[in-house]
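What follows is the content of run-v1.cif, which has mmCIF, C-alpha atoms and all ligand atoms:
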```
data_target
loop_
_atom_site.label_atom_id
_atom_site.label_comp_id
_atom_site.auth_asym_id
_atom_site.auth_seq_id
_atom_site.Cartn_x
_atom_site.Cartn_y
_atom_site.Cartn_z
CA MET R 1 -23.90 -8.80 9.87
CA SER R 2 -25.30 -5.38 9.04
CA GLN R 3 -25.34 -3.99 5.52
CA ARG R 4 -22.80 -1.44 4.36
CA PRO R 5 -24.09 1.87 3.07
CA ALA R 6 -24.22 2.01 -0.74
CA SER R 7 -22.14 5.18 -0.89
CA ARG R 8 -19.29 3.41 0.87
CA ILE R 9 -19.40 0.48 -1.54
CA LEU R 10 -19.23 2.92 -4.45
CA ALA R 11 -16.23 4.67 -2.94
CA GLU R 12 -14.54 1.27 -2.56
CA VAL R 13 -15.02 0.43 -6.21
CA ARG R 14 -13.33 3.67 -7.21
CA ARG R 15 -10.37 3.21 -4.89
CA ASP R 16 -9.68 -0.35 -6.04
CA GLY R 17 -9.06 0.91 -9.60
CA ALA R 18 -5.57 -0.52 -10.18
CA LEU R 19 -6.58 -3.96 -8.90
CA GLN R 20 -9.85 -4.34 -10.78
CA PRO R 21 -8.40 -5.77 -14.01
CA PHE R 22 -7.18 -8.68 -11.90
CA GLY R 23 -10.48 -9.20 -10.15
CA LEU R 24 -8.94 -8.17 -6.83
CA SER R 25 -9.86 -5.62 -4.25
CA ARG R 26 -7.49 -3.93 -1.88
CA VAL R 27 -7.00 -5.01 1.72
CA ILE R 28 -7.23 -2.89 4.85
CA ASN R 29 -4.03 -3.95 6.54
CA ALA R 30 -3.99 -3.13 10.26
CA ALA R 31 -1.45 -5.88 10.90
CA GLY R 32 1.65 -3.77 10.19
CA THR R 33 4.14 -3.94 7.33
CA LEU R 34 3.57 -7.55 6.32
CA SER R 35 5.18 -8.79 3.12
CA ARG R 36 2.29 -11.17 2.45
CA LEU R 37 -0.05 -8.18 2.31
CA GLY R 38 2.21 -6.26 -0.02
CA GLY R 39 3.72 -4.00 2.64
CA ALA R 40 2.55 -0.42 2.98
CA GLY R 41 1.50 1.80 0.12
CA VAL R 42 4.46 4.12 -0.50
CA ALA R 43 4.10 7.92 -0.28
CA PRO R 44 3.18 9.65 -3.55
CA GLU R 45 6.66 11.22 -3.63
CA VAL R 46 8.25 7.74 -3.52
CA ALA R 47 5.87 6.30 -6.12
CA GLY R 48 6.50 9.36 -8.34
CA ALA R 49 10.29 8.95 -8.21
CA MET R 50 9.95 5.25 -9.01
CA ALA R 51 7.72 5.97 -12.00
CA GLU R 52 10.17 8.60 -13.31
CA VAL R 53 13.23 6.40 -13.12
CA ALA R 54 11.32 3.42 -14.53
CA ARG R 55 11.43 5.15 -17.93
CA LEU R 56 15.21 5.65 -17.89
CA SER R 57 18.33 3.56 -18.27
CA VAL R 58 21.00 4.10 -15.67
CA ASP R 59 24.39 2.60 -14.78
CA MET R 60 23.48 0.40 -11.81
CA TRP R 61 26.99 0.43 -10.32
CA ARG R 62 26.93 4.22 -10.23
CA LEU R 63 23.40 4.23 -8.85
CA GLN R 64 24.44 1.85 -6.07
CA ALA R 65 27.51 4.02 -5.40
CA ALA R 66 25.23 7.05 -5.01
CA ALA R 67 23.00 4.95 -2.73
CA SER R 68 26.08 4.01 -0.74
CA SER R 69 26.90 7.64 0.01
CA ARG R 70 23.31 8.29 1.23
CA ILE R 71 23.35 5.15 3.35
CA THR R 72 26.76 6.09 4.71
CA GLU R 73 25.47 9.49 5.83
CA ALA R 74 22.44 7.92 7.48
CA SER R 75 24.23 5.01 9.15
CA GLY R 76 27.83 6.01 9.68
CA ALA R 77 28.83 2.87 7.73
CA GLU R 78 31.87 2.77 5.44
CA ALA R 79 29.57 1.70 2.61
CA GLY R 80 26.03 0.58 1.92
CA LEU R 81 23.97 -1.21 -0.67
CA VAL R 82 20.28 -1.28 -1.57
CA THR R 83 19.08 -4.87 -1.67
CA THR R 84 15.72 -6.49 -2.34
CA GLY R 85 14.94 -6.69 1.37
CA ALA R 86 16.55 -7.33 4.74
CA SER R 87 16.44 -11.06 4.03
CA ALA R 88 18.38 -10.57 0.79
CA ALA R 89 20.77 -8.28 2.68
CA LEU R 90 21.48 -11.11 5.15
CA THR R 91 22.14 -13.60 2.36
CA LEU R 92 24.51 -11.13 0.68
CA ALA R 93 26.16 -10.36 4.02
CA ALA R 94 26.84 -14.05 4.59
CA ALA R 95 28.05 -14.45 0.99
CA ALA R 96 30.40 -11.49 1.51
CA VAL R 97 31.82 -12.93 4.73
CA LEU R 98 32.24 -16.38 3.13
CA ALA R 99 33.90 -15.19 -0.08
CA GLY R 100 35.52 -11.84 0.72
CA LEU R 101 36.78 -10.35 -2.55
CA ASP R 102 37.95 -13.69 -3.95
CA PRO R 103 36.13 -14.30 -7.26
CA ALA R 104 36.73 -18.06 -7.17
CA ARG R 105 35.09 -18.29 -3.77
CA MET R 106 32.17 -16.19 -4.94
CA GLN R 107 31.82 -18.47 -7.91
CA SER R 108 31.55 -21.60 -5.78
CA LEU R 109 28.95 -20.34 -3.26
CA PRO R 110 26.81 -21.72 -1.73
CA ASP R 111 29.38 -24.52 -1.74
CA THR R 112 32.12 -23.51 0.69
CA GLY R 113 34.17 -26.69 0.31
CA GLU R 114 36.58 -27.15 3.17
CA ARG R 115 36.58 -23.47 4.11
CA PRO R 116 34.97 -22.08 7.29
CA ASN R 117 31.21 -21.64 6.86
CA GLU R 118 29.81 -21.64 10.38
CA PHE R 119 27.96 -18.67 11.87
CA ILE R 120 27.50 -18.75 15.62
CA VAL R 121 24.06 -17.56 16.73
CA PRO R 122 22.57 -17.40 20.23
CA ARG R 123 19.48 -19.61 20.49
CA THR R 124 17.46 -16.63 21.67
CA HIS R 125 18.20 -14.88 18.34
CA ARG R 126 16.91 -17.68 16.17
CA THR R 127 14.20 -16.59 13.74
CA GLY R 128 12.90 -17.97 10.48
CA TYR R 129 15.26 -15.56 8.73
CA GLY R 130 18.26 -17.71 9.65
CA ARG R 131 17.57 -19.42 6.34
CA ALA R 132 18.89 -16.30 4.63
CA ILE R 133 22.34 -17.14 6.02
CA ALA R 134 22.02 -20.81 5.04
CA LEU R 135 21.12 -19.81 1.49
CA ALA R 136 24.62 -18.40 0.98
CA GLY R 137 26.23 -21.60 2.23
CA GLY R 138 26.44 -20.62 5.89
CA ARG R 139 25.68 -23.08 8.65
CA LEU R 140 24.15 -21.77 11.86
CA ILE R 141 25.64 -23.04 15.11
CA ASP R 142 23.38 -22.46 18.11
CA VAL R 143 24.80 -21.37 21.44
CA GLY R 144 23.39 -20.43 24.84
CA VAL R 145 20.06 -21.13 26.50
CA ASP R 146 16.82 -19.19 26.98
CA ASP R 147 16.61 -19.10 30.76
CA VAL R 148 15.34 -15.52 30.86
CA GLY R 149 12.71 -15.96 28.12
CA THR R 150 11.34 -19.20 29.59
CA GLY R 151 11.45 -17.89 33.14
CA ALA R 152 13.79 -20.73 34.13
CA GLY R 153 16.58 -18.46 35.32
CA ILE R 154 18.16 -15.02 35.33
CA ARG R 155 21.35 -15.42 33.28
CA GLY R 156 21.49 -14.24 29.68
CA LEU R 157 24.12 -14.84 27.02
CA GLU R 158 27.73 -14.88 28.25
CA ALA R 159 30.90 -14.43 26.21
CA TRP R 160 32.51 -17.73 27.24
CA GLU R 161 29.70 -19.80 25.79
CA VAL R 162 30.01 -18.01 22.45
CA GLU R 163 33.80 -18.36 22.47
CA ALA R 164 33.60 -22.05 23.31
CA ALA R 165 31.85 -22.58 19.96
CA VAL R 166 34.53 -20.74 17.96
CA GLY R 167 36.71 -23.12 15.99
CA ALA R 168 38.50 -23.70 12.70
CA ARG R 169 35.22 -23.78 10.80
CA THR R 170 33.83 -20.54 12.24
CA ALA R 171 33.22 -17.83 9.63
CA GLY R 172 31.30 -15.26 11.65
CA LEU R 173 28.71 -14.36 14.28
CA PHE R 174 25.04 -13.71 13.66
CA ALA R 175 22.60 -11.73 15.81
CA SER R 176 18.99 -10.66 15.54
CA ALA R 177 18.40 -7.26 17.14
CA SER R 178 15.21 -6.82 19.17
CA ALA R 179 14.07 -5.62 22.58
CA HIS R 180 14.63 -9.20 23.84
CA THR R 181 18.19 -9.53 22.58
CA GLU R 182 19.48 -6.04 23.37
CA ALA R 183 21.75 -7.12 26.22
CA ASP R 184 23.35 -9.88 24.12
CA LEU R 185 24.61 -7.54 21.43
CA ALA R 186 27.34 -6.15 23.67
CA VAL R 187 28.50 -9.70 24.40
CA LEU R 188 28.61 -10.58 20.70
CA VAL R 189 30.46 -7.36 19.85
CA GLU R 190 33.03 -8.19 22.52
CA VAL R 191 33.56 -11.69 21.07
CA SER R 192 33.72 -10.26 17.55
CA ARG R 193 36.45 -7.82 18.67
CA ARG R 194 38.45 -10.47 20.45
CA THR R 195 38.21 -13.11 17.72
CA ARG R 196 38.11 -10.73 14.73
CA LEU R 197 35.11 -12.65 13.45
CA PRO R 198 32.65 -10.45 11.56
CA LEU R 199 29.30 -9.88 13.27
CA ILE R 200 26.19 -9.70 11.06
CA VAL R 201 23.15 -8.08 12.72
CA ASP R 202 19.60 -8.54 11.47
CA ALA R 203 17.99 -5.21 12.43
CA ALA R 204 15.22 -5.51 9.83
CA ALA R 205 12.46 -4.16 12.06
CA GLN R 206 14.47 -2.02 14.52
CA LEU R 207 13.34 1.36 13.13
CA PRO R 208 12.27 3.76 14.49
CA PRO R 209 14.14 5.20 16.30
CA ARG R 210 16.23 6.39 13.39
CA GLU R 211 19.32 6.42 15.64
CA ASN R 212 19.30 2.64 15.21
CA LEU R 213 20.53 3.16 11.65
CA LYS R 214 23.80 4.14 13.33
CA ARG R 215 23.66 2.34 16.64
CA TYR R 216 24.51 -1.28 15.81
CA LEU R 217 27.46 -0.29 13.66
CA ALA R 218 28.64 2.19 16.29
CA MET R 219 28.45 -0.61 18.88
CA GLY R 220 30.78 -2.70 16.71
CA ALA R 221 28.61 -4.74 14.35
CA THR R 222 30.41 -5.46 11.07
CA LEU R 223 27.36 -5.56 8.80
CA VAL R 224 23.77 -4.65 9.52
CA ALA R 225 20.57 -5.34 7.56
CA PHE R 226 17.42 -3.18 7.58
CA SER R 227 14.11 -3.59 5.79
CA GLY R 228 13.27 -0.80 3.37
CA GLY R 229 9.60 -1.69 3.30
CA LYS R 230 8.92 -1.37 7.02
CA ALA R 231 9.22 1.91 8.93
CA ILE R 232 11.44 3.53 6.29
CA GLY R 233 8.42 3.47 3.99
CA GLY R 234 10.25 2.33 0.87
CA PRO R 235 8.98 -0.19 -1.67
CA PRO R 236 8.25 -3.57 0.00
CA GLY R 237 10.97 -5.32 -2.00
CA THR R 238 13.83 -3.22 -0.66
CA GLY R 239 16.38 -3.38 2.11
CA ILE R 240 19.70 -1.95 3.19
CA LEU R 241 23.00 -3.66 3.84
CA ALA R 242 25.50 -1.36 5.56
CA GLY R 243 28.91 -1.81 7.14
CA ARG R 244 32.51 -2.63 6.34
CA ARG R 245 33.46 -1.41 2.88
CA ASP R 246 35.24 -4.52 1.53
CA LEU R 247 32.32 -6.71 2.57
CA VAL R 248 29.72 -4.37 1.05
CA ALA R 249 31.86 -4.35 -2.13
CA SER R 250 31.83 -8.14 -2.10
CA ALA R 251 28.03 -8.10 -1.68
CA CYS R 252 27.78 -5.71 -4.67
CA LEU R 253 29.96 -7.97 -6.80
CA GLN R 254 27.71 -10.88 -5.92
CA MET R 255 24.46 -9.07 -6.79
CA LEU R 256 25.06 -6.73 -9.72
CA ASP R 257 25.29 -7.77 -13.37
CA LEU R 258 28.92 -8.62 -14.18
CA ASP R 259 28.62 -9.51 -17.82
CA VAL R 260 31.09 -6.76 -18.56
CA ALA R 261 34.54 -6.78 -20.20
CA PRO R 262 36.84 -6.76 -17.14
CA GLU R 263 39.15 -4.12 -18.68
CA ARG R 264 36.21 -1.75 -19.05
CA PHE R 265 34.75 -2.30 -15.59
CA ALA R 266 34.53 1.10 -13.92
CA ALA R 267 34.72 0.19 -10.25
CA PRO R 268 33.14 2.97 -8.15
CA GLU R 269 35.42 4.43 -5.51
CA ALA R 270 32.63 4.12 -2.97
CA PHE R 271 33.27 0.37 -2.96
CA PHE R 272 36.82 0.08 -4.32
CA PRO R 273 38.89 3.03 -3.00
CA ASP R 274 42.13 1.20 -3.88
CA GLY R 275 41.20 0.58 -7.50
CA PRO R 276 39.19 -2.12 -9.24
CA PRO R 277 39.35 -5.76 -8.13
CA LYS R 278 42.05 -7.79 -9.90
CA ALA R 279 39.55 -10.25 -11.32
CA LEU R 280 35.79 -10.15 -11.67
CA PRO R 281 33.52 -13.02 -10.68
CA ARG R 282 30.76 -14.07 -13.03
CA HIS R 283 27.15 -13.68 -11.96
CA GLY R 284 27.04 -14.06 -8.21
CA LEU R 285 24.80 -15.73 -5.70
CA GLY R 286 22.66 -12.59 -5.43
CA ARG R 287 22.08 -12.19 -9.16
CA GLY R 288 18.63 -13.76 -8.77
CA PHE R 289 17.51 -11.04 -6.40
CA LYS R 290 18.99 -7.93 -7.96
CA ALA R 291 17.51 -4.60 -6.88
CA GLY R 292 16.06 -2.69 -9.83
CA LYS R 293 16.60 1.02 -10.40
CA GLU R 294 13.00 1.72 -9.31
CA GLN R 295 13.63 -0.04 -6.02
CA VAL R 296 16.93 1.74 -5.38
CA VAL R 297 15.51 5.19 -6.11
CA GLY R 298 12.25 4.47 -4.25
CA LEU R 299 14.20 3.39 -1.19
CA LEU R 300 16.47 6.46 -1.29
CA VAL R 301 13.55 8.89 -1.55
CA ALA R 302 11.79 7.05 1.29
CA LEU R 303 14.96 7.13 3.40
CA ASP R 304 15.21 10.92 2.96
CA ARG R 305 11.58 11.27 4.05
CA PHE R 306 12.10 8.96 7.01
CA LEU R 307 15.12 10.98 8.19
CA ALA R 308 13.31 14.30 7.74
CA GLN R 309 10.14 13.28 9.52
CA ASP R 310 9.35 14.45 13.04
CA PRO R 311 8.89 11.22 15.03
CA ALA R 312 6.90 12.93 17.80
CA ALA R 313 4.42 14.33 15.28
CA ALA R 314 4.04 10.91 13.64
CA VAL R 315 3.36 9.26 17.02
CA GLN R 316 0.85 11.97 17.92
CA ALA R 317 -1.01 11.57 14.65
CA ALA R 318 -1.23 7.80 15.16
CA GLN R 319 -2.41 8.35 18.73
CA ALA R 320 -5.22 10.63 17.62
CA ARG R 321 -6.34 8.11 14.99
CA LEU R 322 -6.25 5.23 17.47
CA GLN R 323 -8.26 7.29 19.93
CA ARG R 324 -11.02 7.77 17.36
CA ILE R 325 -10.96 4.09 16.44
CA SER R 326 -11.18 2.98 20.06
CA ILE R 327 -14.13 5.33 20.61
CA ALA R 328 -15.79 3.81 17.52
CA LEU R 329 -15.21 0.33 18.95
CA ALA R 330 -16.33 1.10 22.49
CA GLY R 331 -19.24 -1.05 23.57
CA ALA R 332 -18.91 -3.50 20.65
CA ARG R 333 -20.17 -6.94 21.66
CA GLY R 334 -17.66 -9.63 22.48
CA ILE R 335 -14.53 -7.50 22.32
CA THR R 336 -12.76 -5.00 24.53
CA VAL R 337 -10.19 -2.59 23.25
CA ARG R 338 -7.22 -1.09 25.04
CA ARG R 339 -4.15 0.86 24.08
CA GLU R 340 -0.81 -0.88 24.13
CA PRO R 341 2.16 1.27 25.06
CA PRO R 342 4.87 1.22 22.35
CA THR R 343 8.24 -0.44 22.92
CA HIS R 344 9.96 2.88 22.16
CA PRO R 345 8.68 6.47 22.48
CA GLU R 346 9.28 7.04 18.74
CA ARG R 347 7.17 4.04 17.76
CA ALA R 348 3.45 4.48 17.25
CA PRO R 349 1.24 2.84 19.88
CA ARG R 350 -1.19 0.08 18.89
CA LEU R 351 -4.59 -1.05 20.05
CA VAL R 352 -5.21 -4.51 21.46
CA VAL R 353 -8.55 -6.10 20.70
CA ALA R 354 -9.28 -8.72 23.38
CA CYS R 355 -11.85 -11.29 22.26
CA ASP R 356 -14.31 -12.68 24.77
CA ARG R 357 -14.04 -16.41 24.01
CA HIS R 358 -17.67 -17.04 24.92
CA HIS R 359 -18.81 -14.61 22.32
CA VAL R 360 -16.31 -14.61 19.47
CA ALA R 361 -13.01 -16.51 19.25
CA ALA R 362 -10.03 -14.62 17.84
CA ASP R 363 -9.83 -17.16 14.99
CA THR R 364 -13.47 -16.51 14.10
CA LEU R 365 -12.93 -12.77 14.09
CA ILE R 366 -9.85 -13.19 11.87
CA ARG R 367 -11.82 -15.35 9.41
CA ARG R 368 -14.82 -13.04 9.28
CA LEU R 369 -12.63 -9.98 8.70
CA ALA R 370 -10.72 -11.77 5.93
CA GLU R 371 -14.00 -12.59 4.16
CA MET R 372 -15.18 -8.98 4.05
CA THR R 373 -14.74 -6.67 1.05
CA PRO R 374 -12.31 -5.07 1.45
CA ALA R 375 -10.72 -7.77 3.58
CA VAL R 376 -9.42 -6.55 6.93
CA HIS R 377 -6.30 -7.94 8.63
CA LEU R 378 -5.31 -7.39 12.26
CA GLY R 379 -2.06 -8.45 13.94
CA GLU R 380 -2.27 -12.16 14.83
CA ALA R 381 0.93 -12.71 16.83
CA ARG R 382 -1.06 -13.22 20.05
CA ALA R 383 -4.23 -14.70 18.56
CA ARG R 384 -3.69 -17.86 20.61
CA ASP R 385 -4.26 -15.75 23.73
CA GLY R 386 -7.39 -14.21 22.22
CA LEU R 387 -5.62 -10.92 21.45
CA LEU R 388 -5.49 -9.16 18.08
CA THR R 389 -3.66 -5.91 17.44
CA ILE R 390 -4.44 -2.80 15.39
CA ASP R 391 -1.35 -1.19 13.90
CA LEU R 392 -1.96 1.81 11.64
CA ALA R 393 1.38 1.80 9.80
CA CYS R 394 -0.23 0.50 6.58
CA VAL R 395 -3.75 1.90 7.02
CA ASP R 396 -4.77 4.89 4.93
CA PRO R 397 -6.45 7.37 7.33
CA VAL R 398 -9.52 7.44 5.06
CA ASP R 399 -10.02 3.77 5.97
CA ASP R 400 -10.03 4.29 9.75
CA GLU R 401 -13.80 4.51 9.97
CA GLN R 402 -14.29 1.47 7.76
CA LEU R 403 -11.76 -0.45 9.84
CA ALA R 404 -13.69 0.17 13.05
CA TRP R 405 -16.99 -0.50 11.30
CA SER R 406 -15.72 -3.83 9.93
CA ILE R 407 -14.43 -5.00 13.32
CA ARG R 408 -17.74 -4.17 14.98
CA ALA R 409 -19.62 -6.00 12.25
CA ALA R 410 -17.31 -9.04 12.41
CA ALA R 411 -17.59 -9.20 16.19
CA GLY R 412 -21.26 -9.83 15.60
CA GLU R 413 -23.17 -6.64 16.03
C1 LIG P 1 10.87 -8.31 8.29
C2 LIG P 1 12.06 -9.02 8.80
C3 LIG P 1 13.01 -9.57 7.92
C4 LIG P 1 12.82 -9.59 6.44
O1 LIG P 1 12.78 -8.33 5.90
P1 LIG P 1 12.48 -8.11 4.34
O2 LIG P 1 12.86 -6.69 4.13
O3 LIG P 1 11.02 -8.37 4.14
O4 LIG P 1 13.30 -9.08 3.59
C5 LIG P 1 14.13 -10.15 8.47
N1 LIG P 1 14.32 -10.20 9.80
C6 LIG P 1 13.42 -9.70 10.68
C7 LIG P 1 13.70 -9.78 12.14
C8 LIG P 1 12.25 -9.08 10.20
O5 LIG P 1 11.38 -8.57 11.07
#
```
Target format structure tokens, applied to this file:
Amino acid sequence: MSQRPASRILAEVRRDGALQPFGLSRVINAAGTLSRLGGAGVAPEVAGAMAEVARLSVDMWRLQAAASSRITEASGAEAGLVTTGASAALTLAAAAVLAGLDPARMQSLPDTGERPNEFIVPRTHRTGYGRAIALAGGRLIDVGVDDVGTGAGIRGLEAWEVEAAVGARTAGLFASASAHTEADLAVLVEVSRRTRLPLIVDAAAQLPPRENLKRYLAMGATLVAFSGGKAIGGPPGTGILAGRRDLVASACLQMLDLDVAPERFAAPEAFFPDGPPKALPRHGLGRGFKAGKEQVVGLLVALDRFLAQDPAAAVQAAQARLQRISIALAGARGITVRREPPTHPERAPRLVVACDRHHVAADTLIRRLAEMTPAVHLGEARARDGLLTIDLACVDPVDDEQLAWSIRAAAGE
């Protein structure tokens, strides 16, 4: 592998400042907004707002009520809540559906006793995040088949097969929104309407387009979860739960600190338009993943920025950067690079790095990049097919050149 110029190493040392006391150096993350890589660096405006509020004390119920009105404007929901991530939002959503506003039920979760606790989920919507529902005491009941995905047939999810699974123990319906499951959502909404079972939608990564903040709820979803640390650009440990007011209020009651004299509990109207709840639960299921004031404010500032941003300009900027990177990678030994069209016109395109197996296996390239300083990470979802992806969402533009240089070096030039 060739040597890096000394000036570049010096620049690295300076930029790693905050990590140096821990003996760490930063990572060039071209894999997208991955939690295990700390998500994206937030914009200075977001970091600044977080630092400001970190020095203050604030009534968290009022702060969440203010967050609710911002989320309501952005999503069309009756109410919203800032959580510690989409996964936490799903757990709170399930807890809300399972307990409603009954403090005794909240108190017993995740034990649901003899009460309904089943969430029906199409097999094609199953992800590792189903555990978030189970954590609240929900039990996932799989329905349907994956004929389309496996190429075995042409029929997708149908309402009758969802309805056949509805029974005395059914608490709700669960869906995971993605390009693959788009057609199923209408079916689930229809079943939700007919059965009056609440429908929880995991839309963690469905932004942009920003219209999706509204779309699932407008279609008829009851509650929807988004990640704050993905395209919204908020702190990595943030998410949004939005939807039906009584359920969002229940989620609030199960997350926020309730060590308060019940007679002095000032229930915000945003969650309790008909006055405060008759009795207050003690600390709820979500108490262990409470959102801090820094997270709530960081997310709200990021959400404002996300809504104000011109998606076409953002896509264009990413395109120009990818163009330069692909020129810098042209002719590198053992790899070929091509552009991958985005799944939506408002999403930034990515580059695909195809590894020539006879020269460098994708696994080898991944390992070599991880061993560099700074370590470089590419998207690995298709590594088994010899394909790695370059996504610039979390790459600082000043690192673009280094990114291309590192890939060339790791490929063996
Ligand atoms: C990222 C993701 C989550 C988890 O989001 P967090 O905000 O990190 O908790 C859940 N579901 C899907 C489909 C995701 O892509």
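Reported to one decimal place, the separation of CA of Pro198 (chain R) from CA of Gly275 (chain R) is 23.6 Å.
Candidate residues R:Asp202, R:Glu346, R:Asp400, R:Asp246 were compared for distance to ligand LIG 1 (chain P), and the nearest is R:Asp202, using all atoms listed in the file.
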Write out, as a tab-separated table, each residue of chain R that has an atom at most 8 Å from ligand LIG 1 (chain P), together with the closest pair of atoms and their distance in Å to one decimal, counting only C-alpha atoms and all ligand atoms, rows going by chain and rising number.
```
residue	atom	partner	partner_atom	distance
R:Leu34	CA	P:LIG1	C1	7.6
R:Ser35	CA	P:LIG1	O3	5.9
R:Thr84	CA	P:LIG1	O4	6.9
R:Gly85	CA	P:LIG1	O2	3.5
R:Ala86	CA	P:LIG1	O2	3.8
R:Ser87	CA	P:LIG1	O4	3.7
R:Ala88	CA	P:LIG1	O4	6.0
R:Ala89	CA	P:LIG1	O4	7.6
R:Thr127	CA	P:LIG1	C7	7.0
R:Gly128	CA	P:LIG1	N1	7.9
R:Tyr129	CA	P:LIG1	C5	5.5
R:Ser176	CA	P:LIG1	C7	6.3
R:Ala177	CA	P:LIG1	C7	7.3
R:Ser178	CA	P:LIG1	C7	7.8
R:Asp202	CA	P:LIG1	N1	5.8
R:Ala203	CA	P:LIG1	C7	6.3
R:Ala204	CA	P:LIG1	C6	4.6
R:Ala205	CA	P:LIG1	O5	4.6
R:Phe226	CA	P:LIG1	O2	6.7
R:Ser227	CA	P:LIG1	O2	3.7
R:Gly228	CA	P:LIG1	O2	6.0
R:Gly229	CA	P:LIG1	O2	6.0
R:Lys230	CA	P:LIG1	O2	7.2
R:Pro236	CA	P:LIG1	O3	6.9
R:Gly237	CA	P:LIG1	O2	6.6
R:Thr238	CA	P:LIG1	O2	6.0
R:Gly239	CA	P:LIG1	O2	5.2
```
(Q) Taking 5 positions as the minimum chain separation for residues in the same chain, which residues sit within 10 Å of Leu387 (chain R) when counting all atoms listed in the file? Answer as a list in words. (A) Ile335, Thr336, Val337, Val352, Val353, Ala354, Cys355, Asp356, Ala361, Ala362, Asp363, Leu378, Gly379, Glu380, Ala381 and Arg382 of chain R
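Pairwise distance (CA of Glu158 (chain R), CA of Asn117 (chain R)) equals 22.7 Å.
Residues having any atom no farther than 7 Å from (28.6, -5.6, 15.0) (counting only C-alpha atoms) are R:Val189, R:Leu199, R:Ile200, R:Val201, R:Tyr216, R:Leu217, R:Met219, R:Gly220, R:Ala221, R:Thr222, R:Leu223.
Separating CA of Val296 (chain R) from CA of Pro208 (chain R) is a distance of 20.5 Å.
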If you count all atoms listed in the file, the residue of R:Glu294, R:Pro262, R:Thr364, R:Ala328 closest to Arg55 (chain R) turns out to be R:Glu294
Would you kindly return, as a PyMOL selection string, each protein, DNA or RNA residue with an atom no farther than 9 Å from any atom of Leu63 (chain R), considering all atoms listed in the file and excluding same-chain residues fewer than 3 positions away?
chain R and resi 58-60+66-68+293+296-297
Go ahead and write the residues just picked, C-alpha atoms, as a short mmCIF file (atom, residue, chain, number, x, y, z; two decimals), keeping the file's coordinate frame.
```cif
data_model
loop_
_atom_site.label_atom_id
_atom_site.label_comp_id
_atom_site.auth_asym_id
_atom_site.auth_seq_id
_atom_site.Cartn_x
_atom_site.Cartn_y
_atom_site.Cartn_z
CA VAL R 58 21.00 4.10 -15.67
CA ASP R 59 24.39 2.60 -14.78
CA MET R 60 23.48 0.40 -11.81
CA ALA R 66 25.23 7.05 -5.01
CA ALA R 67 23.00 4.95 -2.73
CA SER R 68 26.08 4.01 -0.74
CA LYS R 293 16.60 1.02 -10.40
CA VAL R 296 16.93 1.74 -5.38
CA VAL R 297 15.51 5.19 -6.11
#
```
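Comparing R:Pro281, R:Gly48, R:Pro21, R:Pro349 by their smallest distance to Val260 (chain R), the closest is R:Pro281 (using all atoms listed in the file).
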Inset, instruction - Write out as a ChimeraX atom specification the residues lying within 12 Å of Leu258 (chain R), counting only C-alpha atoms and excluding same-chain residues fewer than 4 positions away. - result: /R:60-61,103,252-254,262,264-267,279-287,290
| task | Quick one: everything within 10 Å of Val42 (chain R), counting only C-alpha atoms, minus sequence neighbours fewer than 5 positions away in the same chain. Send it as a PyMOL selection string. | result | chain R and resi 47-48+229+232-236+298-299+302+394
Using all atoms listed in the file, find each residue in region 37-144 of chain R having at least one atom no more than 10 Å away from region 303-323 of chain R; report its shortest atom-to-atom pair and that distance in Å (one decimal), rows by chain then rising number, as a tab-separated table.
```
residue	atom	partner	partner_atom	distance
R:Ala43	CA	R:Arg305	CA	9.3
R:Glu45	CA	R:Arg305	CA	9.1
R:Val46	CA	R:Arg305	CA	9.0
R:Arg70	CA	R:Asp304	CA	8.7
R:Ile71	CA	R:Leu303	CA	8.6
R:Ala74	CA	R:Leu307	CA	8.0
```
In terms of all atoms listed in the file, the residue from R:Gly172, R:Pro277, R:Pro122, R:Gly41 at minimal distance from Leu157 (chain R) is R:Pro122
Q | Residues within 12 Å of Leu369 (chain R), all atoms listed in the file, excluding chain neighbours under 3 positions, as a PyMOL selection string | A | chain R and resi 1+27-30+362-366+372-379+388+402-412
